[in-house]
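This report refers to the structure that appears directly beneath it.
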Amino acid sequence: MPEQDRSKNIAIVGAGICGLCCGLALAQQGHQVTLFERDDPMPEGDPDEVFFEWARRGASQFRHPHAFLAVMSNLLIDQFPDLIEEFWRVGARKVSFEEMLPPSLQDNYTPSAEDARLWLMMCRRATMEMVLRRYALKQANLTIQSGIRVNAMITDTVDQQLQINGLMIQPRQGQQLPSAFYSDIVIDAAGRGSPFKSWFRALNLDIKTESHDAEIVYYTRHYKLKPSFQEPQRDPNVRSAGDLGYLKYGVFPGSNGHFAVILCVPCDDLILREAVKSDDTFDAICLNIPGLVPWLGDNKAEATTASFGMGNIKAVWNEFTGPQGPLLLNYFAVGDAAVRTNPLYGRGCSTGAIHSKVLSDVLLKYDDPKTAAYHFEKATREQLRPIWQASLDEDRAGIKRADAILNPDHPSQRQTLKKRFSKAFGDALTRASQQHIRVFRGAFRTFNLMESPGRFLKDRRTQILIFWTLLRHGWKKAPPRVVDGPIRQDMIDKIETVPQRAAA
Ligand SMILES: Cc1cc2nc3c(=O)[nH]c(=O)nc-3n(C[C@H](O)[C@H](O)[C@H](O)COP(=O)(O)OP(=O)(O)OC[C@H]3O[C@@H](n4cnc5c(N)ncnc54)[C@H](O)[C@@H]3O)c2cc1C
């Protein structure tokens with residue numbers, strides 16, 4: 001009997017990271033895929049041109065640095081084996097497990113089989129999008145309609161169930177496209193500002209949303225090393241990323257001497273919040289953090305952008321099914337449109353890549369839309385909820401730490417036994433991960449989302465190593481000073497005298 005043709009006409013709203021990941025996987029399965037993207041087409045040139053010249057207003061985080069964790073890097077290789085070479089060709093870098101080992105573990109390192117998959121991809125987000133998009137454009141059954149905004153849904157009620165049949169689009173000026181586009185399935189990959197939420201509301205469809213503010217602002221500045229300077233070697237005594245309690249910082253190395261620095265401060269810290277907005281005080285803060293001096297000290301680098309920021313940093317979880325099943329049949333939301341985490345943890349694209357794979361697997365397996373919606377919701381909850389919850393827990397702990405520095409005398413800062421134990425355990429875990437490869441590997445797996453967050457802590461030998469470290473170092477002694485830097489008041493004193501250049 002001839003095989004039944006199961007290929008569908010699929011519309012995807014948004015050609016960001018998840019739109020592209022989803023589109024590629026579904027095109028590979030033989031579906032006819034059309035992506036609608038409100039932003040203009042990508043420039044033809046090299047990664048620098050794409051980064052500096054592409055007006056990417058639809059993804060406002062486009063120029064913020066992005067880390068691409070092992071889970072995403074491996075998913076890309078596993079699904080699209082020939083794609084990876086394209087990344088190396090344009091200067092992306094592989095950061096291996098061995099390179100990330102702390103110096104204390106380097107000498108006696110013996111690789112284990114899993115280490116080959118514990119690596120990160122380092123490149124600008126612009127480069128990630130560029131490679132994915134050019135690869136997508138080579139697929140015969142995938143089309144990207146750029147510069148086209150989706151304006152509304154086309155819906156219909158069949159057997160008392162509301163379903164989506166297509167989209168209303170706004171073609172570019174002078175473009176001869178019909179304004180209605182019909183499809184079997186619509187995927188919402190429209191990111192953190194997805195318009196579908198308000199369209200659902202207009203139809204009285206109740207998306208259940210959990211939203212928690214991380215109470216930080218996130219600032220970035222890009223730099224390039226001057227021609228006579230090399231990228232600094234890793235130094236065991238200085239950390240290029242860390243948490244000073246009142247401020248988190250990090251360096252994101254790029255290609256060809258480019259790098260970016262991020263600074264995050266609590267929204268309530270009005271002094272530092274103002275300081276990170278100005279180029280001069282942004283630089284001054286960096287120069288007072290020992291971990292950033294090797295990159296920016298001695299006038300080694302010049303800024304290629306101003307400092308620019310992003311607020312509205314939240315953990316958001318949206319639920320698109322109700323007690324009766326899917327709110328809207330044939331509609332699926334992936335990536336930030338469904339689940340968002342604090343960008344500090346560098347998880348968004350990776351959870352989006354997992355989510356895209358979940359959806360393409362579900363659509364491969366289940367033809368019936370209700371069954372597909374049920375399994376998509378179930379797998380999303382199983383795979384993404386633990387990551388989302390761990391990120392939210394980290395946000396809450398970060399808010400408390402920052403509050404303890406800003407309001408040290410508040411009664412809520414009293415040290416209880418529970419608080420002291422949990423801090424001592426955290427310190428022992430940090431110390432144990434610097435001393436025992438088993439603990440470091442587990443923490444690295446968790447960081448890279450190669451396991452459900454914190455699963456390595458269930459391992460009996462890992463637990464013994466951490467408790468042994470706790471007993472040896474005691475929980476009253478000073479915690480390991482992993483990150484060096486001035487206390488908040490010293491930092492403020494140092495930057496107060498920085499002269500401000502008039503804005504250009
Ligand atoms: C400051 C910051 C730093 C981050 N750093 C990291 C990091 O280090 N690592 C990491 O993994 N993640 C990071 N993230 C998160 C990551 O950027 C997102 O999780 C990821 O981009 C989500 O992908 P997406 O495809 O869901 O959405 P997006 O990539 O935002 O794409 C959505 C697309 O939809 C388009 N669109 C929207 N509305 C319409 C419409 N009506 N019609 C047509 N097109 C439309 C937009 O133009 C956009 O292209 C960071 C986020 C922020 C804010």
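Following the order of the structure tokens, chains are lettered A, B, ..., residues in each are numbered from 1, and ligands are numbered from 1.
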Next item on the list: Fewer than 5 positions away in the same chain doesn't count, so skip those; otherwise give me all residues within 9 Å of A:Gly442, counting only C-alpha atoms, as JSON, numbers by chain.
Entry: {"A": [433, 437, 447, 451, 454, 455, 456, 457, 462]}
Next item on the list: Extract, using only C-alpha atoms, all DNA, RNA and protein residues at most 9 Å from stretch 234-248 of chain A, discarding same-chain residues fewer than 3 positions from it, and format them as a PyMOL selection string.
Entry: chain A and resi 102-104+251-252+262-266+269+272+290-295+344+398+401-406+482-488
Next item on the list: Would you please work out which residue, of A:Ala113, A:Ile216, A:Ala338, A:Ile354, is nearest to A:Ala25 when using only C-alpha atoms?
Entry: A:Ile354
Go through stretch 284-360 of chain A residue by residue and, counting only C-alpha atoms, keep those with an atom at most 6 Å from stretch 196-210 of chain A; for each kept residue give the shortest atom pair and its distance in Å to one decimal, ordered by chain and increasing number, as CSV.
```
residue,atom,partner,partner_atom,distance
A:Val316,CA,A:Glu210,CA,5.6
A:Trp317,CA,A:Glu210,CA,5.1
A:Asn318,CA,A:Thr209,CA,4.5
A:Glu319,CA,A:Lys208,CA,5.1
A:Phe320,CA,A:Ile207,CA,5.5
```
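Counting only C-alpha atoms, the residue from A:Arg192, A:Arg38, A:Lys378, A:Arg117 that sits nearest to A:Arg445 is A:Arg117.
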Item checked: Residue set, stretch 190-409 of chain A restricted to strand (DSSP E), as a ChimeraX atom specification -> /A:208-213,216-225,241-243,248-253,258-266,301-303,308-310,314-319,321-322,325-326,331-333,339-340
Next item on the list: Identify, on the basis of only C-alpha atoms, every residue whose closest approach to A:Glu85 does not exceed 12 Å; exclude the query and any residue fewer than 6 positions from it along the same chain; express the result as a ChimeraX atom specification.
Entry: /A:76-77,91-94,131-132,135
Store the residues picked out above, limited to C-alpha atoms, as a PDB file, in the first residue's frame.
```pdb
ATOM      1  CA  LEU A  76      22.178  21.329  16.363  1.00  0.00           C
ATOM      2  CA  ILE A  77      24.895  18.790  15.490  1.00  0.00           C
ATOM      3  CA  GLY A  91      34.863  32.144  13.223  1.00  0.00           C
ATOM      4  CA  ALA A  92      32.621  30.601  15.901  1.00  0.00           C
ATOM      5  CA  ARG A  93      34.605  28.836  18.605  1.00  0.00           C
ATOM      6  CA  LYS A  94      34.231  25.594  20.462  1.00  0.00           C
ATOM      7  CA  VAL A 131      24.437  30.625   9.973  1.00  0.00           C
ATOM      8  CA  LEU A 132      21.018  29.164  10.830  1.00  0.00           C
ATOM      9  CA  TYR A 135      21.327  27.129   6.059  1.00  0.00           C
TER      10      TYR A 135
END
```
Next item on the list: Figure out the distance between atom CA of A:Trp468 and atom CA of A:Asn108, please, to one decimal in Å.
Entry: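 Value for the atom CA of A:Asn108-atom CA of A:Trp468 distance: 20.5 Å.
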Check: Between A:Thr430, A:Thr469, A:Gln389, A:Asn312, which is the closest to A:Asp213 once you count only C-alpha atoms?
Finding: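 Ranking A:Thr430, A:Thr469, A:Gln389, A:Asn312 by distance to A:Asp213, first place goes to A:Asn312.
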Check: Any idea what the distance is between atom CA of A:Phe440 and atom CA of A:Asn342?
Finding: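 Separation between atom CA of A:Phe440 and atom CA of A:Asn342: 23.3 Å.
Within the 9 Å cut-off around A:Ile466, using only C-alpha atoms and omitting residues fewer than 6 positions from it on the same chain, the listed residues are Phe425, Ala428, Leu429, Thr430, Arg431, Ala432, Ser433 and Val439 of chain A.
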Note to self: Set the distance at 8 Å and use only C-alpha atoms: which residues neighbour A:Ala59 once local chain neighbours fewer than 3 positions away are removed? I'd like the list as a list in words.
What the structure shows: Gly16, Arg56, Phe62 and Gly191 of chain A
Please produce an output containing N, CA and C atoms for each residue in the selection, written as a PDB file, in the first residue's frame.
```
ATOM      1  N   GLY A  16      13.422  34.091  14.446  1.00  0.00           N
ATOM      2  CA  GLY A  16      14.520  34.211  15.412  1.00  0.00           C
ATOM      3  C   GLY A  16      15.102  32.816  15.623  1.00  0.00           C
ATOM      4  N   ARG A  56      17.492  44.988  13.723  1.00  0.00           N
ATOM      5  CA  ARG A  56      16.794  43.803  14.257  1.00  0.00           C
ATOM      6  C   ARG A  56      15.914  44.241  15.423  1.00  0.00           C
ATOM      7  N   PHE A  62      19.178  41.278  20.363  1.00  0.00           N
ATOM      8  CA  PHE A  62      20.049  40.829  19.272  1.00  0.00           C
ATOM      9  C   PHE A  62      21.521  41.178  19.503  1.00  0.00           C
ATOM     10  N   GLY A 191       8.683  35.272  20.042  1.00  0.00           N
ATOM     11  CA  GLY A 191       9.546  35.799  21.093  1.00  0.00           C
ATOM     12  C   GLY A 191       8.813  36.416  22.266  1.00  0.00           C
TER      13      GLY A 191
END
```
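With atom CA of A:Lys224 on one side and atom 26 (O, counted along the ligand's line) of ligand 1 on the other, the separation reads 28.8 Å.
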Contacts of A:Gly348 at 10 Å (only C-alpha atoms; same-chain gap of 3+ positions) as a PDB file with N, CA and C atoms, in the first residue's frame:
```
ATOM      1  N   ILE A  17      15.686  32.609  16.794  1.00  0.00           N
ATOM      2  CA  ILE A  17      16.377  31.341  17.045  1.00  0.00           C
ATOM      3  C   ILE A  17      15.411  30.147  16.954  1.00  0.00           C
ATOM      4  N   CYS A  18      14.259  30.244  17.620  1.00  0.00           N
ATOM      5  CA  CYS A  18      13.366  29.080  17.664  1.00  0.00           C
ATOM      6  C   CYS A  18      12.606  28.903  16.366  1.00  0.00           C
ATOM      7  N   HIS A  66      25.432  36.402  23.723  1.00  0.00           N
ATOM      8  CA  HIS A  66      24.723  35.157  24.009  1.00  0.00           C
ATOM      9  C   HIS A  66      25.725  34.012  24.162  1.00  0.00           C
ATOM     10  N   ALA A  67      25.483  33.144  25.144  1.00  0.00           N
ATOM     11  CA  ALA A  67      26.248  31.897  25.258  1.00  0.00           C
ATOM     12  C   ALA A  67      25.354  30.788  24.720  1.00  0.00           C
ATOM     13  N   PHE A  68      25.944  29.860  24.020  1.00  0.00           N
ATOM     14  CA  PHE A  68      25.160  28.746  23.496  1.00  0.00           C
ATOM     15  C   PHE A  68      25.645  27.468  24.174  1.00  0.00           C
ATOM     16  N   LEU A  69      24.792  26.959  25.036  1.00  0.00           N
ATOM     17  CA  LEU A  69      25.182  25.878  25.937  1.00  0.00           C
ATOM     18  C   LEU A  69      25.294  24.542  25.201  1.00  0.00           C
ATOM     19  N   GLY A 335       9.683  28.539  22.436  1.00  0.00           N
ATOM     20  CA  GLY A 335      10.691  29.529  22.830  1.00  0.00           C
ATOM     21  C   GLY A 335      10.112  30.573  23.760  1.00  0.00           C
ATOM     22  N   ASP A 336      10.624  31.800  23.622  1.00  0.00           N
ATOM     23  CA  ASP A 336      10.241  32.869  24.547  1.00  0.00           C
ATOM     24  C   ASP A 336       8.742  33.161  24.525  1.00  0.00           C
ATOM     25  N   VAL A 339       7.945  30.214  27.135  1.00  0.00           N
ATOM     26  CA  VAL A 339       8.709  30.067  28.387  1.00  0.00           C
ATOM     27  C   VAL A 339       9.920  30.989  28.343  1.00  0.00           C
ATOM     28  N   ARG A 340      10.071  31.813  29.374  1.00  0.00           N
ATOM     29  CA  ARG A 340      11.211  32.748  29.404  1.00  0.00           C
ATOM     30  C   ARG A 340      11.964  32.616  30.714  1.00  0.00           C
ATOM     31  N   THR A 341      13.289  32.707  30.639  1.00  0.00           N
ATOM     32  CA  THR A 341      14.089  32.708  31.869  1.00  0.00           C
ATOM     33  C   THR A 341      15.017  33.917  31.852  1.00  0.00           C
ATOM     34  N   ASN A 342      15.572  34.228  33.005  1.00  0.00           N
ATOM     35  CA  ASN A 342      16.497  35.343  33.156  1.00  0.00           C
ATOM     36  C   ASN A 342      17.724  35.128  32.254  1.00  0.00           C
ATOM     37  N   PRO A 343      18.048  36.097  31.374  1.00  0.00           N
ATOM     38  CA  PRO A 343      19.163  35.882  30.437  1.00  0.00           C
ATOM     39  C   PRO A 343      20.516  35.695  31.103  1.00  0.00           C
ATOM     40  N   LEU A 344      20.608  36.079  32.371  1.00  0.00           N
ATOM     41  CA  LEU A 344      21.889  35.903  33.086  1.00  0.00           C
ATOM     42  C   LEU A 344      22.383  34.462  33.022  1.00  0.00           C
ATOM     43  N   TYR A 345      21.464  33.509  32.956  1.00  0.00           N
ATOM     44  CA  TYR A 345      21.877  32.112  32.981  1.00  0.00           C
ATOM     45  C   TYR A 345      22.178  31.578  31.580  1.00  0.00           C
ATOM     46  N   THR A 351      16.861  26.444  25.861  1.00  0.00           N
ATOM     47  CA  THR A 351      15.520  25.907  26.160  1.00  0.00           C
ATOM     48  C   THR A 351      14.657  26.011  24.897  1.00  0.00           C
ATOM     49  N   GLY A 352      14.886  27.068  24.120  1.00  0.00           N
ATOM     50  CA  GLY A 352      14.147  27.210  22.856  1.00  0.00           C
ATOM     51  C   GLY A 352      14.484  26.092  21.881  1.00  0.00           C
ATOM     52  N   ALA A 353      15.771  25.707  21.838  1.00  0.00           N
ATOM     53  CA  ALA A 353      16.168  24.615  20.934  1.00  0.00           C
ATOM     54  C   ALA A 353      15.567  23.289  21.406  1.00  0.00           C
ATOM     55  N   ILE A 354      15.546  23.095  22.738  1.00  0.00           N
ATOM     56  CA  ILE A 354      14.910  21.863  23.272  1.00  0.00           C
ATOM     57  C   ILE A 354      13.422  21.870  22.899  1.00  0.00           C
ATOM     58  N   TRP A 388      13.031  25.951  34.169  1.00  0.00           N
ATOM     59  CA  TRP A 388      12.387  27.232  34.493  1.00  0.00           C
ATOM     60  C   TRP A 388      12.350  27.438  36.003  1.00  0.00           C
TER      61      TRP A 388
END
```
Checklist line | Using only C-alpha atoms and all ligand atoms: which of A:Val13, A:Ala275, A:Leu287, A:Cys267 has the shortest distance to ligand 1 | finding: A:Val13
Item checked: Shell around A:Ala337 at 7 Å using only C-alpha atoms, local window under 3 positions removed, as a ChimeraX atom specification -> /A:188-192,194,333-334
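Comparing the minimum interatomic distances between ligand 1 and each of A:Arg221, A:Arg134, A:Lys419, A:His31, counting only C-alpha atoms and all ligand atoms, we find that A:Arg221 sits nearest.
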